[in-house]
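Colleague: Input my_file-v7.txt, format and content: compact mmCIF, N, CA and C atoms.
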# COMPACT_ATOMS: atom_id res chain seq x y z
N LYS A 10 -25.16 6.67 7.11
CA LYS A 10 -24.16 7.72 6.95
C LYS A 10 -23.00 7.18 6.11
N LEU A 11 -22.56 7.95 5.16
CA LEU A 11 -21.48 7.54 4.28
C LEU A 11 -20.18 8.22 4.69
N PRO A 12 -19.07 7.52 4.54
CA PRO A 12 -17.78 8.15 4.84
C PRO A 12 -17.46 9.21 3.79
N PRO A 13 -16.68 10.22 4.17
CA PRO A 13 -16.34 11.25 3.19
C PRO A 13 -15.45 10.67 2.09
N LYS A 14 -15.61 11.20 0.90
CA LYS A 14 -14.76 10.80 -0.24
C LYS A 14 -13.49 11.63 -0.22
N MET A 15 -12.39 11.00 -0.50
CA MET A 15 -11.13 11.72 -0.55
C MET A 15 -11.12 12.62 -1.78
N GLN A 16 -10.81 13.88 -1.56
CA GLN A 16 -10.75 14.85 -2.64
C GLN A 16 -9.33 14.86 -3.20
N LEU A 17 -9.23 14.93 -4.51
CA LEU A 17 -7.92 15.02 -5.17
C LEU A 17 -7.79 16.39 -5.80
N GLY A 18 -6.65 17.03 -5.54
CA GLY A 18 -6.36 18.33 -6.13
C GLY A 18 -5.13 18.22 -7.00
N ASP A 19 -4.40 19.32 -7.07
CA ASP A 19 -3.14 19.30 -7.80
C ASP A 19 -2.12 18.48 -7.04
N VAL A 20 -1.26 17.80 -7.77
CA VAL A 20 -0.21 16.99 -7.15
C VAL A 20 0.87 17.94 -6.62
N VAL A 21 1.13 17.85 -5.31
CA VAL A 21 2.18 18.68 -4.72
C VAL A 21 3.51 17.97 -4.90
N PRO A 22 4.62 18.72 -5.04
CA PRO A 22 5.92 18.08 -5.26
C PRO A 22 6.36 17.20 -4.08
N VAL A 23 6.04 17.64 -2.86
CA VAL A 23 6.41 16.89 -1.65
C VAL A 23 5.19 16.85 -0.75
N ALA A 24 4.89 15.68 -0.19
CA ALA A 24 3.75 15.55 0.72
C ALA A 24 3.98 16.46 1.93
N ASN A 25 2.92 17.17 2.34
CA ASN A 25 3.03 18.10 3.46
C ASN A 25 1.99 17.76 4.53
N GLU A 26 1.79 18.67 5.50
CA GLU A 26 0.85 18.39 6.58
C GLU A 26 -0.59 18.30 6.09
N LYS A 27 -0.94 19.06 5.07
CA LYS A 27 -2.30 18.98 4.50
C LYS A 27 -2.52 17.61 3.86
N THR A 28 -1.49 17.13 3.19
CA THR A 28 -1.57 15.80 2.58
C THR A 28 -1.71 14.75 3.66
N LEU A 29 -0.92 14.88 4.72
CA LEU A 29 -1.00 13.95 5.85
C LEU A 29 -2.40 13.95 6.44
N GLU A 30 -2.98 15.12 6.65
CA GLU A 30 -4.34 15.24 7.18
C GLU A 30 -5.33 14.48 6.31
N ALA A 31 -5.24 14.67 5.01
CA ALA A 31 -6.16 14.00 4.08
C ALA A 31 -5.96 12.49 4.11
N VAL A 32 -4.71 12.04 4.18
CA VAL A 32 -4.43 10.60 4.20
C VAL A 32 -5.00 9.97 5.47
N ILE A 33 -4.78 10.63 6.60
CA ILE A 33 -5.27 10.08 7.87
C ILE A 33 -6.79 10.10 7.91
N ALA A 34 -7.40 11.18 7.47
CA ALA A 34 -8.86 11.28 7.47
C ALA A 34 -9.51 10.25 6.55
N ASN A 35 -8.82 9.87 5.50
CA ASN A 35 -9.35 8.93 4.51
C ASN A 35 -8.57 7.63 4.48
N ARG A 36 -8.06 7.21 5.63
CA ARG A 36 -7.17 6.04 5.66
C ARG A 36 -7.81 4.76 5.14
N TYR A 37 -9.11 4.59 5.34
CA TYR A 37 -9.76 3.38 4.84
C TYR A 37 -9.80 3.37 3.32
N GLU A 38 -10.12 4.51 2.75
CA GLU A 38 -10.12 4.63 1.29
C GLU A 38 -8.70 4.49 0.74
N VAL A 39 -7.72 5.05 1.46
CA VAL A 39 -6.31 4.94 1.04
C VAL A 39 -5.89 3.47 1.02
N MET A 40 -6.22 2.74 2.08
CA MET A 40 -5.81 1.34 2.14
C MET A 40 -6.58 0.48 1.14
N ALA A 41 -7.82 0.83 0.86
CA ALA A 41 -8.58 0.11 -0.16
C ALA A 41 -7.94 0.32 -1.53
N GLY A 42 -7.50 1.55 -1.81
CA GLY A 42 -6.80 1.82 -3.06
C GLY A 42 -5.48 1.07 -3.15
N TYR A 43 -4.78 0.99 -2.03
CA TYR A 43 -3.52 0.25 -2.02
C TYR A 43 -3.78 -1.24 -2.25
N ALA A 44 -4.85 -1.75 -1.67
CA ALA A 44 -5.20 -3.17 -1.88
C ALA A 44 -5.48 -3.43 -3.36
N ARG A 45 -6.14 -2.48 -4.04
CA ARG A 45 -6.38 -2.63 -5.48
C ARG A 45 -5.06 -2.71 -6.24
N GLU A 46 -4.11 -1.85 -5.87
CA GLU A 46 -2.80 -1.88 -6.53
C GLU A 46 -2.08 -3.21 -6.26
N MET A 47 -2.22 -3.72 -5.04
CA MET A 47 -1.61 -5.01 -4.70
C MET A 47 -2.21 -6.13 -5.54
N ARG A 48 -3.54 -6.12 -5.68
CA ARG A 48 -4.19 -7.16 -6.49
C ARG A 48 -3.76 -7.06 -7.95
N ARG A 49 -3.61 -5.83 -8.45
CA ARG A 49 -3.16 -5.64 -9.83
C ARG A 49 -1.73 -6.17 -10.01
N ALA A 50 -0.86 -5.87 -9.06
CA ALA A 50 0.53 -6.36 -9.12
C ALA A 50 0.57 -7.88 -9.05
N THR A 51 -0.30 -8.46 -8.22
CA THR A 51 -0.35 -9.92 -8.11
C THR A 51 -0.82 -10.54 -9.41
N ARG A 52 -1.83 -9.93 -10.03
CA ARG A 52 -2.30 -10.42 -11.34
C ARG A 52 -1.19 -10.36 -12.38
N ASP A 53 -0.43 -9.27 -12.37
CA ASP A 53 0.68 -9.13 -13.32
C ASP A 53 1.72 -10.22 -13.10
N GLU A 54 2.04 -10.49 -11.83
CA GLU A 54 3.01 -11.55 -11.52
C GLU A 54 2.48 -12.91 -11.98
N LEU A 55 1.19 -13.17 -11.75
CA LEU A 55 0.60 -14.43 -12.19
C LEU A 55 0.64 -14.56 -13.70
N ASP A 56 0.36 -13.46 -14.41
CA ASP A 56 0.41 -13.49 -15.88
C ASP A 56 1.82 -13.79 -16.37
N GLN A 57 2.83 -13.19 -15.71
CA GLN A 57 4.21 -13.46 -16.10
C GLN A 57 4.58 -14.92 -15.85
N LEU A 58 4.13 -15.47 -14.72
CA LEU A 58 4.42 -16.87 -14.42
C LEU A 58 3.73 -17.80 -15.42
N LYS A 59 2.48 -17.47 -15.80
CA LYS A 59 1.77 -18.28 -16.79
C LYS A 59 2.51 -18.28 -18.11
N ALA A 60 3.00 -17.11 -18.51
CA ALA A 60 3.72 -17.00 -19.78
C ALA A 60 4.99 -17.84 -19.77
N LYS A 61 5.63 -17.94 -18.62
CA LYS A 61 6.85 -18.75 -18.50
C LYS A 61 6.54 -20.22 -18.28
N GLY A 62 5.29 -20.53 -17.93
CA GLY A 62 4.93 -21.91 -17.63
C GLY A 62 5.42 -22.35 -16.27
N ALA A 63 5.62 -21.42 -15.37
CA ALA A 63 6.13 -21.72 -14.03
C ALA A 63 5.00 -22.16 -13.10
N ASP A 64 5.38 -22.58 -11.89
CA ASP A 64 4.42 -23.04 -10.89
C ASP A 64 3.67 -21.84 -10.29
N LEU A 65 2.35 -21.88 -10.35
CA LEU A 65 1.51 -20.78 -9.87
C LEU A 65 0.93 -21.04 -8.49
N SER A 66 1.10 -22.26 -7.96
CA SER A 66 0.35 -22.66 -6.77
C SER A 66 0.62 -21.79 -5.55
N VAL A 67 1.87 -21.45 -5.28
CA VAL A 67 2.20 -20.68 -4.08
C VAL A 67 1.60 -19.28 -4.15
N LEU A 68 1.77 -18.63 -5.29
CA LEU A 68 1.25 -17.26 -5.44
C LEU A 68 -0.28 -17.25 -5.43
N LYS A 69 -0.91 -18.25 -6.06
CA LYS A 69 -2.37 -18.32 -6.03
C LYS A 69 -2.89 -18.51 -4.62
N ALA A 70 -2.19 -19.32 -3.83
CA ALA A 70 -2.62 -19.57 -2.45
C ALA A 70 -2.45 -18.32 -1.59
N ALA A 71 -1.46 -17.48 -1.91
CA ALA A 71 -1.17 -16.30 -1.08
C ALA A 71 -1.87 -15.04 -1.54
N LYS A 72 -2.39 -15.03 -2.76
CA LYS A 72 -2.88 -13.77 -3.33
C LYS A 72 -4.03 -13.13 -2.54
N ASN A 73 -4.84 -13.93 -1.86
CA ASN A 73 -5.95 -13.37 -1.09
C ASN A 73 -5.50 -12.74 0.22
N TRP A 74 -4.24 -12.95 0.61
CA TRP A 74 -3.77 -12.47 1.91
C TRP A 74 -2.69 -11.41 1.81
N LEU A 75 -2.16 -11.16 0.62
CA LEU A 75 -1.05 -10.21 0.48
C LEU A 75 -1.42 -8.80 0.92
N HIS A 76 -2.64 -8.38 0.70
CA HIS A 76 -3.05 -7.02 1.00
C HIS A 76 -3.65 -6.87 2.40
N ARG A 77 -3.54 -7.90 3.23
CA ARG A 77 -4.12 -7.87 4.58
C ARG A 77 -3.06 -7.56 5.63
N ASP A 78 -3.53 -7.06 6.78
CA ASP A 78 -2.64 -6.87 7.92
C ASP A 78 -2.16 -8.23 8.40
N ASP A 79 -0.95 -8.27 8.95
CA ASP A 79 -0.36 -9.53 9.41
C ASP A 79 -1.24 -10.26 10.41
N ASP A 80 -1.86 -9.52 11.33
CA ASP A 80 -2.68 -10.17 12.35
C ASP A 80 -3.99 -10.73 11.82
N LYS A 81 -4.37 -10.37 10.60
CA LYS A 81 -5.60 -10.87 9.99
C LYS A 81 -5.37 -12.13 9.15
N VAL A 82 -4.11 -12.48 8.92
CA VAL A 82 -3.78 -13.65 8.09
C VAL A 82 -3.84 -14.90 8.95
N PRO A 83 -4.65 -15.90 8.55
CA PRO A 83 -4.70 -17.14 9.34
C PRO A 83 -3.37 -17.88 9.31
N ALA A 84 -3.13 -18.64 10.35
CA ALA A 84 -1.86 -19.36 10.48
C ALA A 84 -1.63 -20.31 9.29
N ALA A 85 -2.69 -20.90 8.78
CA ALA A 85 -2.55 -21.85 7.67
C ALA A 85 -2.03 -21.18 6.41
N ALA A 86 -2.31 -19.89 6.22
CA ALA A 86 -1.89 -19.18 5.01
C ALA A 86 -0.54 -18.51 5.15
N ARG A 87 0.00 -18.42 6.34
CA ARG A 87 1.26 -17.70 6.57
C ARG A 87 2.44 -18.29 5.80
N SER A 88 2.54 -19.62 5.75
CA SER A 88 3.69 -20.22 5.06
C SER A 88 3.66 -19.91 3.57
N ASN A 89 2.46 -19.98 2.96
CA ASN A 89 2.34 -19.61 1.54
C ASN A 89 2.69 -18.15 1.32
N LEU A 90 2.28 -17.31 2.27
CA LEU A 90 2.56 -15.88 2.17
C LEU A 90 4.06 -15.61 2.23
N VAL A 91 4.75 -16.28 3.14
CA VAL A 91 6.20 -16.11 3.28
C VAL A 91 6.90 -16.59 2.01
N GLN A 92 6.47 -17.73 1.48
CA GLN A 92 7.08 -18.26 0.25
C GLN A 92 6.84 -17.32 -0.93
N ALA A 93 5.63 -16.81 -1.05
CA ALA A 93 5.31 -15.91 -2.17
C ALA A 93 6.12 -14.63 -2.08
N ARG A 94 6.26 -14.09 -0.87
CA ARG A 94 7.03 -12.86 -0.71
C ARG A 94 8.51 -13.10 -1.02
N ALA A 95 9.02 -14.26 -0.65
CA ALA A 95 10.42 -14.57 -0.93
C ALA A 95 10.67 -14.74 -2.43
N ALA A 96 9.70 -15.31 -3.13
CA ALA A 96 9.86 -15.59 -4.55
C ALA A 96 9.57 -14.39 -5.45
N HIS A 97 8.85 -13.39 -4.92
CA HIS A 97 8.43 -12.25 -5.74
C HIS A 97 8.80 -10.95 -5.04
N PRO A 98 9.98 -10.40 -5.34
CA PRO A 98 10.45 -9.19 -4.65
C PRO A 98 9.55 -7.98 -4.85
N VAL A 99 8.87 -7.87 -5.97
CA VAL A 99 7.97 -6.73 -6.20
C VAL A 99 6.83 -6.78 -5.18
N LEU A 100 6.23 -7.94 -5.01
CA LEU A 100 5.14 -8.08 -4.06
C LEU A 100 5.63 -7.90 -2.63
N ASP A 101 6.82 -8.39 -2.34
CA ASP A 101 7.40 -8.21 -1.01
C ASP A 101 7.58 -6.73 -0.70
N LYS A 102 8.09 -5.99 -1.67
CA LYS A 102 8.29 -4.55 -1.49
C LYS A 102 6.95 -3.84 -1.26
N MET A 103 5.93 -4.25 -2.00
CA MET A 103 4.62 -3.62 -1.83
C MET A 103 4.01 -3.93 -0.47
N VAL A 104 4.19 -5.14 0.02
CA VAL A 104 3.68 -5.50 1.35
C VAL A 104 4.42 -4.70 2.42
N THR A 105 5.73 -4.57 2.28
CA THR A 105 6.53 -3.80 3.23
C THR A 105 6.12 -2.34 3.23
N MET A 106 5.95 -1.76 2.05
CA MET A 106 5.56 -0.36 1.94
C MET A 106 4.15 -0.13 2.50
N ARG A 107 3.27 -1.11 2.34
CA ARG A 107 1.92 -1.01 2.89
C ARG A 107 1.98 -0.91 4.41
N GLU A 108 2.78 -1.74 5.03
CA GLU A 108 2.89 -1.70 6.49
C GLU A 108 3.49 -0.38 6.96
N GLU A 109 4.47 0.13 6.24
CA GLU A 109 5.06 1.43 6.60
C GLU A 109 4.02 2.55 6.51
N LEU A 110 3.19 2.50 5.47
CA LEU A 110 2.14 3.51 5.31
C LEU A 110 1.13 3.41 6.46
N ARG A 111 0.77 2.20 6.81
CA ARG A 111 -0.19 1.98 7.90
C ARG A 111 0.34 2.51 9.22
N GLN A 112 1.64 2.43 9.42
CA GLN A 112 2.24 2.90 10.67
C GLN A 112 2.14 4.42 10.82
N LEU A 113 1.94 5.14 9.72
CA LEU A 113 1.82 6.59 9.80
C LEU A 113 0.69 7.03 10.73
N TRP A 114 -0.47 6.43 10.61
CA TRP A 114 -1.58 6.87 11.46
C TRP A 114 -1.66 6.08 12.76
N LEU A 115 -0.89 5.02 12.89
CA LEU A 115 -0.85 4.29 14.16
C LEU A 115 0.17 4.89 15.12
N ASN A 116 1.13 5.63 14.59
CA ASN A 116 2.21 6.19 15.40
C ASN A 116 1.79 7.54 15.95
N THR A 117 1.12 7.52 17.10
CA THR A 117 0.58 8.76 17.67
C THR A 117 1.59 9.50 18.53
N SER A 118 2.75 8.92 18.76
CA SER A 118 3.73 9.57 19.63
C SER A 118 4.56 10.63 18.91
N GLN A 119 4.48 10.68 17.58
CA GLN A 119 5.27 11.64 16.83
C GLN A 119 4.47 12.91 16.52
N SER A 120 5.20 13.99 16.29
CA SER A 120 4.56 15.26 15.96
C SER A 120 4.03 15.22 14.53
N ARG A 121 3.15 16.16 14.23
CA ARG A 121 2.59 16.23 12.88
C ARG A 121 3.67 16.53 11.85
N GLU A 122 4.65 17.36 12.24
CA GLU A 122 5.74 17.68 11.31
C GLU A 122 6.55 16.43 10.99
N GLN A 123 6.81 15.61 12.02
CA GLN A 123 7.57 14.38 11.81
C GLN A 123 6.79 13.40 10.94
N LEU A 124 5.48 13.27 11.21
CA LEU A 124 4.64 12.37 10.40
C LEU A 124 4.56 12.84 8.95
N ALA A 125 4.48 14.16 8.75
CA ALA A 125 4.46 14.70 7.38
C ALA A 125 5.78 14.41 6.68
N ALA A 126 6.89 14.52 7.41
CA ALA A 126 8.20 14.20 6.83
C ALA A 126 8.29 12.70 6.51
N ASP A 127 7.72 11.86 7.38
CA ASP A 127 7.70 10.41 7.13
C ASP A 127 6.87 10.08 5.89
N LEU A 128 5.74 10.78 5.73
CA LEU A 128 4.90 10.56 4.54
C LEU A 128 5.64 10.99 3.28
N ALA A 129 6.33 12.13 3.35
CA ALA A 129 7.11 12.60 2.19
C ALA A 129 8.20 11.60 1.84
N ALA A 130 8.86 11.05 2.87
CA ALA A 130 9.92 10.05 2.64
C ALA A 130 9.32 8.77 2.05
N TRP A 131 8.14 8.38 2.54
CA TRP A 131 7.48 7.19 2.01
C TRP A 131 7.16 7.39 0.53
N CYS A 132 6.61 8.54 0.19
CA CYS A 132 6.28 8.83 -1.21
C CYS A 132 7.54 8.80 -2.09
N HIS A 133 8.63 9.35 -1.58
CA HIS A 133 9.87 9.36 -2.33
C HIS A 133 10.37 7.93 -2.57
N ARG A 134 10.34 7.09 -1.53
CA ARG A 134 10.77 5.69 -1.68
C ARG A 134 9.86 4.93 -2.64
N ALA A 135 8.55 5.21 -2.57
CA ALA A 135 7.60 4.53 -3.45
C ALA A 135 7.87 4.87 -4.91
N GLU A 136 8.16 6.16 -5.17
CA GLU A 136 8.41 6.58 -6.54
C GLU A 136 9.77 6.12 -7.05
N ALA A 137 10.72 5.93 -6.15
CA ALA A 137 12.05 5.47 -6.54
C ALA A 137 12.14 3.95 -6.63
N SER A 138 11.07 3.25 -6.24
CA SER A 138 11.11 1.78 -6.19
C SER A 138 11.15 1.13 -7.57
N GLY A 139 10.69 1.85 -8.58
CA GLY A 139 10.66 1.27 -9.92
C GLY A 139 9.41 0.44 -10.17
N ILE A 140 8.48 0.42 -9.22
CA ILE A 140 7.24 -0.33 -9.35
C ILE A 140 6.15 0.66 -9.78
N ALA A 141 5.58 0.42 -10.95
CA ALA A 141 4.62 1.36 -11.52
C ALA A 141 3.42 1.60 -10.61
N GLY A 142 2.88 0.55 -10.02
CA GLY A 142 1.72 0.69 -9.14
C GLY A 142 2.02 1.56 -7.93
N LEU A 143 3.19 1.41 -7.36
CA LEU A 143 3.59 2.23 -6.22
C LEU A 143 3.77 3.69 -6.62
N ARG A 144 4.37 3.89 -7.78
CA ARG A 144 4.59 5.25 -8.27
C ARG A 144 3.25 5.97 -8.49
N GLU A 145 2.30 5.30 -9.12
CA GLU A 145 0.99 5.89 -9.37
C GLU A 145 0.26 6.17 -8.05
N PHE A 146 0.35 5.22 -7.12
CA PHE A 146 -0.33 5.38 -5.84
C PHE A 146 0.25 6.56 -5.07
N SER A 147 1.57 6.71 -5.09
CA SER A 147 2.22 7.81 -4.40
C SER A 147 1.80 9.15 -4.99
N THR A 148 1.71 9.21 -6.31
CA THR A 148 1.27 10.44 -6.97
C THR A 148 -0.16 10.79 -6.55
N ARG A 149 -1.01 9.78 -6.48
CA ARG A 149 -2.39 10.01 -6.04
C ARG A 149 -2.44 10.47 -4.59
N LEU A 150 -1.57 9.93 -3.74
CA LEU A 150 -1.52 10.37 -2.35
C LEU A 150 -1.11 11.83 -2.26
N ARG A 151 -0.13 12.24 -3.05
CA ARG A 151 0.34 13.62 -2.99
C ARG A 151 -0.71 14.61 -3.52
N ALA A 152 -1.75 14.11 -4.19
CA ALA A 152 -2.83 14.97 -4.68
C ALA A 152 -4.01 15.01 -3.70
N ALA A 153 -3.93 14.25 -2.62
CA ALA A 153 -5.06 14.16 -1.67
C ALA A 153 -5.26 15.48 -0.92
N ARG A 154 -6.53 15.83 -0.74
CA ARG A 154 -6.92 17.04 -0.02
C ARG A 154 -8.07 16.70 0.91
N THR A 155 -8.21 17.47 1.98
CA THR A 155 -9.34 17.26 2.90
C THR A 155 -10.56 18.01 2.45
Please render this file's structure as structure tokens.
Modeller:
Amino acid sequence: KLPPKMQLGDVVPVANEKTLEAVIANRYEVMAGYAREMRRATRDELDQLKAKGADLSVLKAAKNWLHRDDDKVPAAARSNLVQARAAHPVLDKMVTMREELRQLWLNTSQSREQLAADLAAWCHRAEASGIAGLREFSTRLRAART
């Protein structure tokens, strides 16, 4: 049995309850797409460091763990992850935004209206962040349909 594919429609100006439904129903696909954006951002950061001739070791050691949940990161990799996040604010912002997005479907105590408002606020912050990958991802989320 295959999981359903997330359908994309017209981009709505503000994420609503239908968007929330689609995001929650397709959360694995959503997080896989976010992981792709994280890997792309990490590659961009590595390319910039190579061009400057800077030290790549910390970011290379952390790149396999940036897109993972905190509890899935082994203790040995945590220090590299903390150093990489401190040295690269774009990646830090993306990791923070990823955790906020994940909390949307883990937070079962809130009403659907509140969760839809949280998703709309998340999309707004993502688009205002100035990070191209986040902006594109947010636009794709707002186009999600069930």
Colleague: Pick from A:Ala85, A:Ala96, A:Val39, A:Val20: nearest to Val67 of chain A, with only C-alpha atoms counted?
Modeller: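 Smallest separation from Val67 of chain A among the options: A:Ala96.
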Colleague: Which of these, A:Met103, A:Ala31, A:Ala71, A:Leu65, has the shortest distance to Val91 of chain A once you count only N, CA and C atoms?
Modeller: A:Ala71
Colleague: If you run DSSP on the backbone, which residues of chain A are strand (DSSP E or B), as a PyMOL selection string?
Modeller: chain A and resi 16-17+153-154
Colleague: Grab the atom CA of His133 of chain A to atom C of Lys102 of chain A distance for me, in Å with one decimal place.
Modeller: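 Those two atoms sit 13.6 Å apart.
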Colleague: Identify, on the basis of only C-alpha atoms, every residue whose closest approach to Ala141 of chain A does not exceed 12 Å; exclude the query and any residue fewer than 4 positions from it along the same chain; express the result as a CSV table (one decimal) with N, CA and C atoms, keeping the file's coordinate frame.
Modeller:
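The resulting result.csv:
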chain,number,residue,atom,x,y,z
A,46,GLU,N,-4.1,-1.8,-5.9
A,46,GLU,CA,-2.8,-1.9,-6.5
A,46,GLU,C,-2.1,-3.2,-6.3
A,47,MET,N,-2.2,-3.7,-5.0
A,47,MET,CA,-1.6,-5.0,-4.7
A,47,MET,C,-2.2,-6.1,-5.5
A,49,ARG,N,-3.6,-5.8,-8.4
A,49,ARG,CA,-3.2,-5.6,-9.8
A,49,ARG,C,-1.7,-6.2,-10.0
A,50,ALA,N,-0.9,-5.9,-9.1
A,50,ALA,CA,0.5,-6.4,-9.1
A,50,ALA,C,0.6,-7.9,-9.0
A,53,ASP,N,-0.4,-9.3,-12.4
A,53,ASP,CA,0.7,-9.1,-13.3
A,53,ASP,C,1.7,-10.2,-13.1
A,99,VAL,N,8.9,-7.9,-6.0
A,99,VAL,CA,8.0,-6.7,-6.2
A,99,VAL,C,6.8,-6.8,-5.2
A,103,MET,N,5.9,-4.2,-2.0
A,103,MET,CA,4.6,-3.6,-1.8
A,103,MET,C,4.0,-3.9,-0.5
A,135,ALA,N,8.6,5.2,-2.6
A,135,ALA,CA,7.6,4.5,-3.4
A,135,ALA,C,7.9,4.9,-4.9
A,136,GLU,N,8.2,6.2,-5.2
A,136,GLU,CA,8.4,6.6,-6.5
A,136,GLU,C,9.8,6.1,-7.0
A,137,ALA,N,10.7,5.9,-6.2
A,137,ALA,CA,12.0,5.5,-6.5
A,137,ALA,C,12.1,4.0,-6.6
A,145,GLU,N,2.3,5.3,-9.1
A,145,GLU,CA,1.0,5.9,-9.4
A,145,GLU,C,0.3,6.2,-8.0
A,146,PHE,N,0.4,5.2,-7.1
A,146,PHE,CA,-0.3,5.4,-5.8
A,146,PHE,C,0.2,6.6,-5.1
A,147,SER,N,1.6,6.7,-5.1
A,147,SER,CA,2.2,7.8,-4.4
A,147,SER,C,1.8,9.2,-5.0
A,148,THR,N,1.7,9.2,-6.3
A,148,THR,CA,1.3,10.4,-7.0
A,148,THR,C,-0.2,10.8,-6.6
Colleague: Just to confirm, what's the straight-line distance from atom CA of His76 of chain A to atom CA of Leu113 of chain A in Å (one decimal)?
Modeller: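 The value is 16.9 Å.
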Colleague: For segment 123-127 of chain A, list every protein, DNA or RNA residue within 12 Å, evaluated using only C-alpha atoms, and leave out those in the same chain fewer than 5 positions away; present the list as a list of chain:residue names.
Modeller: A:Val23, A:Ala24, A:Asn25, A:Glu26, A:Lys27, A:Thr28, A:Leu29, A:Glu30, A:Ala31, A:Val32, A:Ile33, A:Glu109, A:Leu110, A:Arg111, A:Gln112, A:Leu113, A:Trp114, A:Leu115, A:Asn116, A:Thr117, A:Ser118, A:Cys132, A:His133, A:Arg134, A:Arg151
Colleague: So which one's closest to Tyr43 of chain A, A:Arg107, A:Asn73, A:Lys61, A:His97? Using only N, CA and C atoms, please.
Modeller: A:Arg107
